[in-house]
Amino acid sequence: MIKNILVSGASFAGISTAYWMKQFGYNVTVVEIAEDLKKGGTPVNIRENTADIAKRMGLLDQIQSNKIDMELMEFKNSDDVTERVEIREQLAEDEYEIERDVLLDIMFEAVQDDVEFIFGDSITSLKEEANGVEVAFKGGQKRSYDLVFGCDGIHSVVRKLWFGEEAEFSHFLKTYFSITIVDKLLIRENTTQMYNEPGKAVMLNSYNNKTDIVLCFSSEKELPYDYRNEEQQRDIILNQFSGLGWRTPELLEEVKNSKTFYFDKLCQMKMPSWTKGRVALVGDAGYCASPAAGMGGSLAIDGAAALADAFHKNHGNYELAFQEYNQSFRPFIEEVQANAELMVDFLVPRTEEDIRERISQTASIKDI
């Protein structure tokens, strides 16, 4: 009988997994390396299957009351002239866009009284035992759990300790990006603006009196950097976008002085199995599709529900549930990852000719 479960990571994958495992009556502990919930990031799309899951979790009413209604996308040239405007299609009744931090708070509030959260700590080792997994924590503690779920993102500690090095599974999409959120409107609210030069993209999203500054650049080779060294990452962005046209100089000043900054490569995680023994991966840790998919948050929520459904179908038998999870959810992941690779070329055209071709297209951007 499974009693104690450890979840590594307190974002969408971790909180969703904790919610479902608690529903099955298990004792759930969530460990998060940050001192609090990690804030910052672009809005999350909740649609189709994800909307159904949110309804099952009792969260849909709150999502509805906090939804964002994006209206326009404008493609700009260096003189700030709009070369193409696309009106965002009205979302269907069961489709929502919501600020990432708002959704994270809603989900956390749904589980915080029923789940043990340990902030400011992380897993340092996993050791298989006869009836569980012995876990050592950075803080010095050792505890045993029946199951461990790695919901700790693209640079997952659980994946590294249990499945192998990140490089074994990471598929680099030859692009890097940063996200900076400023608490003011730099453009008209509920609008997206995009500017491109070959191999570079500058995108602004405005909503709720704030603006996301998203900067992307192409790179044939992976760059050496410390993913925990924010100053080094800012320098990479500032160097890459120095001398770029449009409003870039002004935006780089915002990036330089901002409190919120996130940088990483666009990549996908491709693994032959998301489970091994008593350990399973959920969300970006197992099957990151890359931010180009526009589905990071929703994919994590979908994955946690797929795992929960597998547990329910197999009456809590974790071995059969893990097998079901690997088989039933994989076709969807493979489709999303394939579509995401195509989106990279749309977001960051490599040549001036590619940029002009995209401007002349009349495609819907509903799914960006």
# chains A, B, ... in the order shown; residues from 1 in each chain; ligands from 1
$ residues_around --residues "Arg358 (chain A)" --least-positions-apart "5" --cutoff "12 Å" --atoms "only C-alpha atoms" --output "list in words"
Phe75, Glu83, Arg84, Met194, Tyr195, Asn196, Met343, Asp345, Phe346, Leu347, Val348, Pro349, Arg350, Thr351, Glu352, Glu353, Ala363, Ser364 and Ile365 of chain A
$ closest_atom_pairs --of "region 232-328 of chain A" --to "region 14-29 of chain A" --cutoff "7 Å" --atoms "only C-alpha atoms" --output "Markdown table"
| residue | atom | partner | partner_atom | distance |
| --- | --- | --- | --- | --- |
| A:Ile301 | CA | A:Ser16 | CA | 5.9 |
| A:Ala304 | CA | A:Thr17 | CA | 5.0 |
| A:Ala308 | CA | A:Trp20 | CA | 6.0 |
$ closest_residue --among "A:Lys160, A:Arg356, A:Lys138, A:Arg188" --to "Val31 (chain A)" --atoms "only C-alpha atoms"
A:Lys138
$ residues_around --residues "Gln232 (chain A)" --least-positions-apart "5" --cutoff "12 Å" --atoms "only C-alpha atoms" --output "ChimeraX atom specification"
/A:223-227,237-239,256,261-264
$ residues_around --residues "region 245-250 of chain A" --least-positions-apart "2" --cutoff "12 Å" --atoms "only C-alpha atoms" --output "PyMOL selection string"
chain A and resi 75-82+186-187+193-198+200-204+213-215+237-243+252-257
$ residues_around --residues "region 118-128 of chain A" --least-positions-apart "2" --cutoff "9 Å" --atoms "only C-alpha atoms" --output "compact mmCIF listing (two decimals) with N, CA, C and O atoms, in the first residue's frame"
# COMPACT_ATOMS: atom_id res chain seq x y z
N SER A 8 9.23 16.59 -6.37
CA SER A 8 10.30 17.59 -6.48
C SER A 8 9.87 18.67 -7.45
O SER A 8 9.65 18.41 -8.62
N GLY A 9 9.71 19.91 -6.93
CA GLY A 9 9.31 21.02 -7.78
C GLY A 9 7.92 21.51 -7.46
O GLY A 9 6.97 20.73 -7.42
N ALA A 10 7.80 22.83 -7.21
CA ALA A 10 6.50 23.40 -6.84
C ALA A 10 5.98 24.37 -7.90
O ALA A 10 5.60 25.50 -7.60
N THR A 29 4.49 15.14 0.05
CA THR A 29 5.44 16.19 0.40
C THR A 29 6.00 16.79 -0.90
O THR A 29 6.35 16.04 -1.82
N VAL A 30 6.06 18.10 -0.97
CA VAL A 30 6.64 18.79 -2.13
C VAL A 30 7.88 19.53 -1.67
O VAL A 30 7.82 20.32 -0.72
N VAL A 31 9.02 19.27 -2.32
CA VAL A 31 10.25 19.99 -2.00
C VAL A 31 10.58 20.92 -3.17
O VAL A 31 10.47 20.53 -4.33
N GLU A 32 10.93 22.15 -2.85
CA GLU A 32 11.21 23.18 -3.86
C GLU A 32 12.50 23.90 -3.48
O GLU A 32 12.63 24.41 -2.37
N ILE A 33 13.43 23.97 -4.43
CA ILE A 33 14.73 24.56 -4.15
C ILE A 33 14.65 26.05 -3.86
O ILE A 33 15.44 26.59 -3.07
N ALA A 34 13.68 26.74 -4.48
CA ALA A 34 13.51 28.18 -4.23
C ALA A 34 12.89 28.41 -2.85
O ALA A 34 12.29 27.51 -2.27
N GLU A 35 13.02 29.63 -2.35
CA GLU A 35 12.48 29.97 -1.03
C GLU A 35 10.97 30.16 -1.05
O GLU A 35 10.33 30.21 0.00
N ASP A 36 10.41 30.28 -2.23
CA ASP A 36 8.96 30.47 -2.39
C ASP A 36 8.58 29.97 -3.78
O ASP A 36 9.43 29.46 -4.51
N LEU A 37 7.33 30.12 -4.15
CA LEU A 37 6.92 29.77 -5.50
C LEU A 37 7.71 30.60 -6.51
O LEU A 37 7.91 31.80 -6.31
N GLU A 116 2.36 18.83 2.43
CA GLU A 116 3.52 19.40 3.10
C GLU A 116 4.45 20.03 2.06
O GLU A 116 4.87 19.36 1.10
N ALA A 130 14.09 -1.79 -0.73
CA ALA A 130 13.19 -2.91 -1.04
C ALA A 130 11.76 -2.43 -1.28
O ALA A 130 11.08 -2.90 -2.21
N ASN A 131 11.29 -1.50 -0.47
CA ASN A 131 9.90 -1.06 -0.58
C ASN A 131 9.77 0.45 -0.75
O ASN A 131 8.76 1.03 -0.37
N GLY A 132 10.79 1.08 -1.32
CA GLY A 132 10.70 2.52 -1.50
C GLY A 132 11.99 3.12 -2.00
O GLY A 132 12.85 2.44 -2.55
N VAL A 133 12.09 4.43 -1.79
CA VAL A 133 13.27 5.18 -2.22
C VAL A 133 13.75 6.01 -1.04
O VAL A 133 12.97 6.78 -0.46
N GLU A 134 15.03 5.86 -0.68
CA GLU A 134 15.61 6.71 0.36
C GLU A 134 16.10 8.00 -0.30
O GLU A 134 16.86 7.96 -1.27
N VAL A 135 15.66 9.12 0.25
CA VAL A 135 15.99 10.43 -0.33
C VAL A 135 16.81 11.23 0.67
O VAL A 135 16.43 11.36 1.83
N ALA A 136 17.95 11.73 0.20
CA ALA A 136 18.76 12.64 1.01
C ALA A 136 18.54 14.06 0.51
O ALA A 136 18.48 14.30 -0.71
N PHE A 137 18.41 14.99 1.45
CA PHE A 137 18.16 16.39 1.11
C PHE A 137 19.39 17.25 1.39
O PHE A 137 20.22 16.92 2.26
N LYS A 138 19.48 18.35 0.69
CA LYS A 138 20.59 19.28 0.86
C LYS A 138 20.69 19.75 2.31
O LYS A 138 21.78 19.99 2.83
N GLY A 139 19.54 19.89 2.96
CA GLY A 139 19.51 20.35 4.35
C GLY A 139 20.02 19.33 5.34
O GLY A 139 20.10 19.60 6.54
N VAL A 157 16.75 17.80 -11.27
CA VAL A 157 17.70 17.08 -10.42
C VAL A 157 17.32 15.59 -10.36
O VAL A 157 18.19 14.72 -10.40
N VAL A 158 16.03 15.32 -10.26
CA VAL A 158 15.56 13.93 -10.20
C VAL A 158 15.97 13.17 -11.46
O VAL A 158 16.47 12.04 -11.40
N LEU A 161 19.78 12.49 -11.34
CA LEU A 161 20.18 11.48 -10.35
C LEU A 161 19.72 10.08 -10.71
O LEU A 161 20.40 9.10 -10.42
N TRP A 162 18.56 9.98 -11.35
CA TRP A 162 17.92 8.67 -11.53
C TRP A 162 17.99 8.13 -12.95
O TRP A 162 18.04 6.92 -13.16
N GLY A 277 11.61 2.26 -12.13
CA GLY A 277 11.42 1.80 -10.76
C GLY A 277 10.26 2.54 -10.10
O GLY A 277 9.14 2.55 -10.61
N ARG A 278 10.55 3.20 -8.99
CA ARG A 278 9.53 3.92 -8.23
C ARG A 278 9.57 5.44 -8.48
O ARG A 278 9.03 6.21 -7.70
$ select_by_dssp --residues "region 154-287 of chain A" --states "helix (DSSP H, G or I)" --output "number ranges by chain"
A: 157-162, 166-168, 230-241, 248-257, 284-287
$ residues_around --residues "Gly150 (chain A)" --least-positions-apart "5" --cutoff "9 Å" --atoms "only C-alpha atoms" --output "CSV table (one decimal) with all heavy atoms, in the first residue's frame"
chain,number,residue,atom,x,y,z
A,6,LEU,N,6.9,11.8,-2.6
A,6,LEU,CA,7.7,13.0,-2.6
A,6,LEU,C,7.6,13.6,-4.0
A,6,LEU,O,7.8,12.8,-5.0
A,6,LEU,CB,9.1,12.7,-2.3
A,6,LEU,CG,10.1,14.0,-2.4
A,6,LEU,CD1,9.7,15.0,-1.4
A,6,LEU,CD2,11.5,13.6,-2.3
A,7,VAL,N,7.3,14.9,-4.1
A,7,VAL,CA,7.3,15.6,-5.4
A,7,VAL,C,8.4,16.6,-5.4
A,7,VAL,O,8.5,17.4,-4.4
A,7,VAL,CB,5.9,16.3,-5.6
A,7,VAL,CG1,5.9,17.1,-6.9
A,7,VAL,CG2,4.8,15.3,-5.7
A,8,SER,N,9.2,16.6,-6.4
A,8,SER,CA,10.3,17.6,-6.5
A,8,SER,C,9.9,18.7,-7.4
A,8,SER,O,9.7,18.4,-8.6
A,8,SER,CB,11.6,16.9,-7.0
A,8,SER,OG,12.6,17.9,-7.1
A,9,GLY,N,9.7,19.9,-6.9
A,9,GLY,CA,9.3,21.0,-7.8
A,9,GLY,C,7.9,21.5,-7.5
A,9,GLY,O,7.0,20.7,-7.4
A,13,ALA,N,3.6,21.4,-12.8
A,13,ALA,CA,3.7,19.9,-12.8
A,13,ALA,C,3.6,19.4,-11.4
A,13,ALA,O,2.9,18.5,-11.0
A,13,ALA,CB,5.0,19.5,-13.5
A,14,GLY,N,4.4,20.0,-10.5
A,14,GLY,CA,4.5,19.5,-9.1
A,14,GLY,C,3.2,19.7,-8.3
A,14,GLY,O,2.8,18.8,-7.6
A,156,SER,N,16.1,19.2,-14.4
A,156,SER,CA,15.6,18.4,-13.3
A,156,SER,C,16.7,17.6,-12.6
A,156,SER,O,17.6,16.9,-13.2
A,156,SER,CB,14.6,17.3,-13.9
A,156,SER,OG,14.4,16.3,-13.0
A,157,VAL,N,16.8,17.8,-11.3
A,157,VAL,CA,17.7,17.1,-10.4
A,157,VAL,C,17.3,15.6,-10.4
A,157,VAL,O,18.2,14.7,-10.4
A,157,VAL,CB,17.7,17.7,-9.0
A,157,VAL,CG1,18.5,16.8,-8.0
A,157,VAL,CG2,18.3,19.1,-9.0
A,158,VAL,N,16.0,15.3,-10.3
A,158,VAL,CA,15.6,13.9,-10.2
A,158,VAL,C,16.0,13.2,-11.5
A,158,VAL,O,16.5,12.0,-11.4
A,158,VAL,CB,14.0,13.9,-10.0
A,158,VAL,CG1,13.5,12.4,-10.1
A,158,VAL,CG2,13.7,14.4,-8.6
A,159,ARG,N,15.8,13.8,-12.6
A,159,ARG,CA,16.2,13.1,-13.9
A,159,ARG,C,17.7,12.9,-13.9
A,159,ARG,O,18.1,11.8,-14.3
A,159,ARG,CB,15.8,14.0,-15.1
A,159,ARG,CG,16.0,13.3,-16.4
A,159,ARG,CD,15.7,14.3,-17.6
A,159,ARG,NE,16.6,15.4,-17.5
A,159,ARG,CZ,16.3,16.7,-17.6
A,159,ARG,NH1,15.0,17.0,-17.7
A,159,ARG,NH2,17.1,17.6,-17.5
A,279,VAL,N,10.2,5.8,-9.6
A,279,VAL,CA,10.4,7.3,-9.9
A,279,VAL,C,9.7,7.6,-11.2
A,279,VAL,O,9.9,6.8,-12.2
A,279,VAL,CB,11.9,7.6,-9.9
A,279,VAL,CG1,12.0,9.1,-10.2
A,279,VAL,CG2,12.5,7.3,-8.5
A,280,ALA,N,9.0,8.7,-11.3
A,280,ALA,CA,8.4,9.1,-12.6
A,280,ALA,C,8.7,10.6,-12.7
A,280,ALA,O,8.8,11.4,-11.8
A,280,ALA,CB,6.9,8.8,-12.6
A,281,LEU,N,8.7,11.0,-14.0
A,281,LEU,CA,8.9,12.5,-14.4
A,281,LEU,C,7.6,13.0,-14.9
A,281,LEU,O,6.9,12.3,-15.7
A,281,LEU,CB,10.0,12.6,-15.4
A,281,LEU,CG,11.4,12.1,-15.0
A,281,LEU,CD1,12.4,12.2,-16.1
A,281,LEU,CD2,11.9,12.8,-13.7
A,282,VAL,N,7.3,14.3,-14.6
A,282,VAL,CA,6.1,14.9,-15.1
A,282,VAL,C,6.5,16.3,-15.6
A,282,VAL,O,7.3,17.0,-14.9
A,282,VAL,CB,5.0,15.0,-14.0
A,282,VAL,CG1,3.8,15.7,-14.5
A,282,VAL,CG2,4.7,13.7,-13.4
A,283,GLY,N,5.9,16.7,-16.7
A,283,GLY,CA,6.1,18.1,-17.2
A,283,GLY,C,7.5,18.2,-17.9
A,283,GLY,O,8.0,17.2,-18.5
A,285,ALA,N,10.5,18.2,-17.1
A,285,ALA,CA,11.5,17.3,-16.7
A,285,ALA,C,11.6,16.1,-17.6
A,285,ALA,O,12.6,15.5,-17.9
A,285,ALA,CB,11.3,16.8,-15.2
A,286,GLY,N,10.4,15.6,-18.0
A,286,GLY,CA,10.3,14.4,-18.9
A,286,GLY,C,10.1,14.7,-20.4
A,286,GLY,O,10.6,14.0,-21.2
$ residues_around --residues "region 47-52 of chain A" --least-positions-apart "5" --cutoff "10 Å" --atoms "only C-alpha atoms" --output "PyMOL selection string"
chain A and resi 57-60+63+91-97+297-303+305
$ select_by_dssp --residues "region 221-335 of chain A" --states "strand (DSSP E or B)" --output "short mmCIF file (atom, residue, chain, number, x, y, z; two decimals) with N, CA, C and O atoms, in the first residue's frame"
data_model
loop_
_atom_site.label_atom_id
_atom_site.label_comp_id
_atom_site.auth_asym_id
_atom_site.auth_seq_id
_atom_site.Cartn_x
_atom_site.Cartn_y
_atom_site.Cartn_z
N TYR A 262 14.54 35.73 -16.82
CA TYR A 262 14.69 34.29 -17.03
C TYR A 262 15.35 34.08 -18.38
O TYR A 262 14.99 34.73 -19.38
N PHE A 263 16.33 33.17 -18.42
CA PHE A 263 17.06 32.90 -19.65
C PHE A 263 17.29 31.39 -19.77
O PHE A 263 17.60 30.73 -18.79
N ASP A 264 17.17 30.87 -20.98
CA ASP A 264 17.50 29.46 -21.20
C ASP A 264 17.53 29.19 -22.69
O ASP A 264 17.19 30.06 -23.51
N LYS A 265 17.91 27.97 -23.02
CA LYS A 265 17.87 27.54 -24.41
C LYS A 265 16.49 26.99 -24.74
O LYS A 265 15.78 26.52 -23.85
N LEU A 266 16.12 27.08 -26.00
CA LEU A 266 14.93 26.37 -26.46
C LEU A 266 15.37 24.95 -26.75
O LEU A 266 16.26 24.71 -27.58
N CYS A 267 14.80 24.01 -26.04
CA CYS A 267 15.16 22.61 -26.27
C CYS A 267 13.96 21.73 -25.91
O CYS A 267 12.97 22.20 -25.33
N GLN A 268 14.07 20.49 -26.29
CA GLN A 268 13.05 19.51 -25.96
C GLN A 268 13.69 18.34 -25.23
O GLN A 268 14.85 18.01 -25.47
N MET A 269 12.94 17.76 -24.32
CA MET A 269 13.39 16.54 -23.65
C MET A 269 12.73 15.34 -24.34
O MET A 269 11.50 15.29 -24.44
N THR A 275 9.56 6.89 -16.70
CA THR A 275 9.50 6.21 -15.40
C THR A 275 10.62 5.19 -15.30
O THR A 275 11.09 4.65 -16.32
N LYS A 276 11.04 4.95 -14.07
CA LYS A 276 12.06 3.93 -13.81
C LYS A 276 11.93 3.53 -12.36
O LYS A 276 12.08 4.37 -11.46
N VAL A 279 10.21 5.83 -9.57
CA VAL A 279 10.37 7.26 -9.88
C VAL A 279 9.74 7.57 -11.23
O VAL A 279 9.91 6.82 -12.19
N ALA A 280 9.02 8.70 -11.30
CA ALA A 280 8.42 9.14 -12.56
C ALA A 280 8.66 10.63 -12.75
O ALA A 280 8.75 11.39 -11.78
N LEU A 281 8.75 11.05 -14.01
CA LEU A 281 8.92 12.46 -14.35
C LEU A 281 7.61 13.00 -14.92
O LEU A 281 6.92 12.31 -15.67
#
$ closest_residue --among "A:Cys288, A:Ile236, A:Leu307, A:Met1" --to "Glu166 (chain A)" --atoms "only C-alpha atoms"
A:Cys288
$ atom_distance --atom1 "CA of Val182 (chain A)" --atom2 "CA of Leu103 (chain A)"
18.5 Å
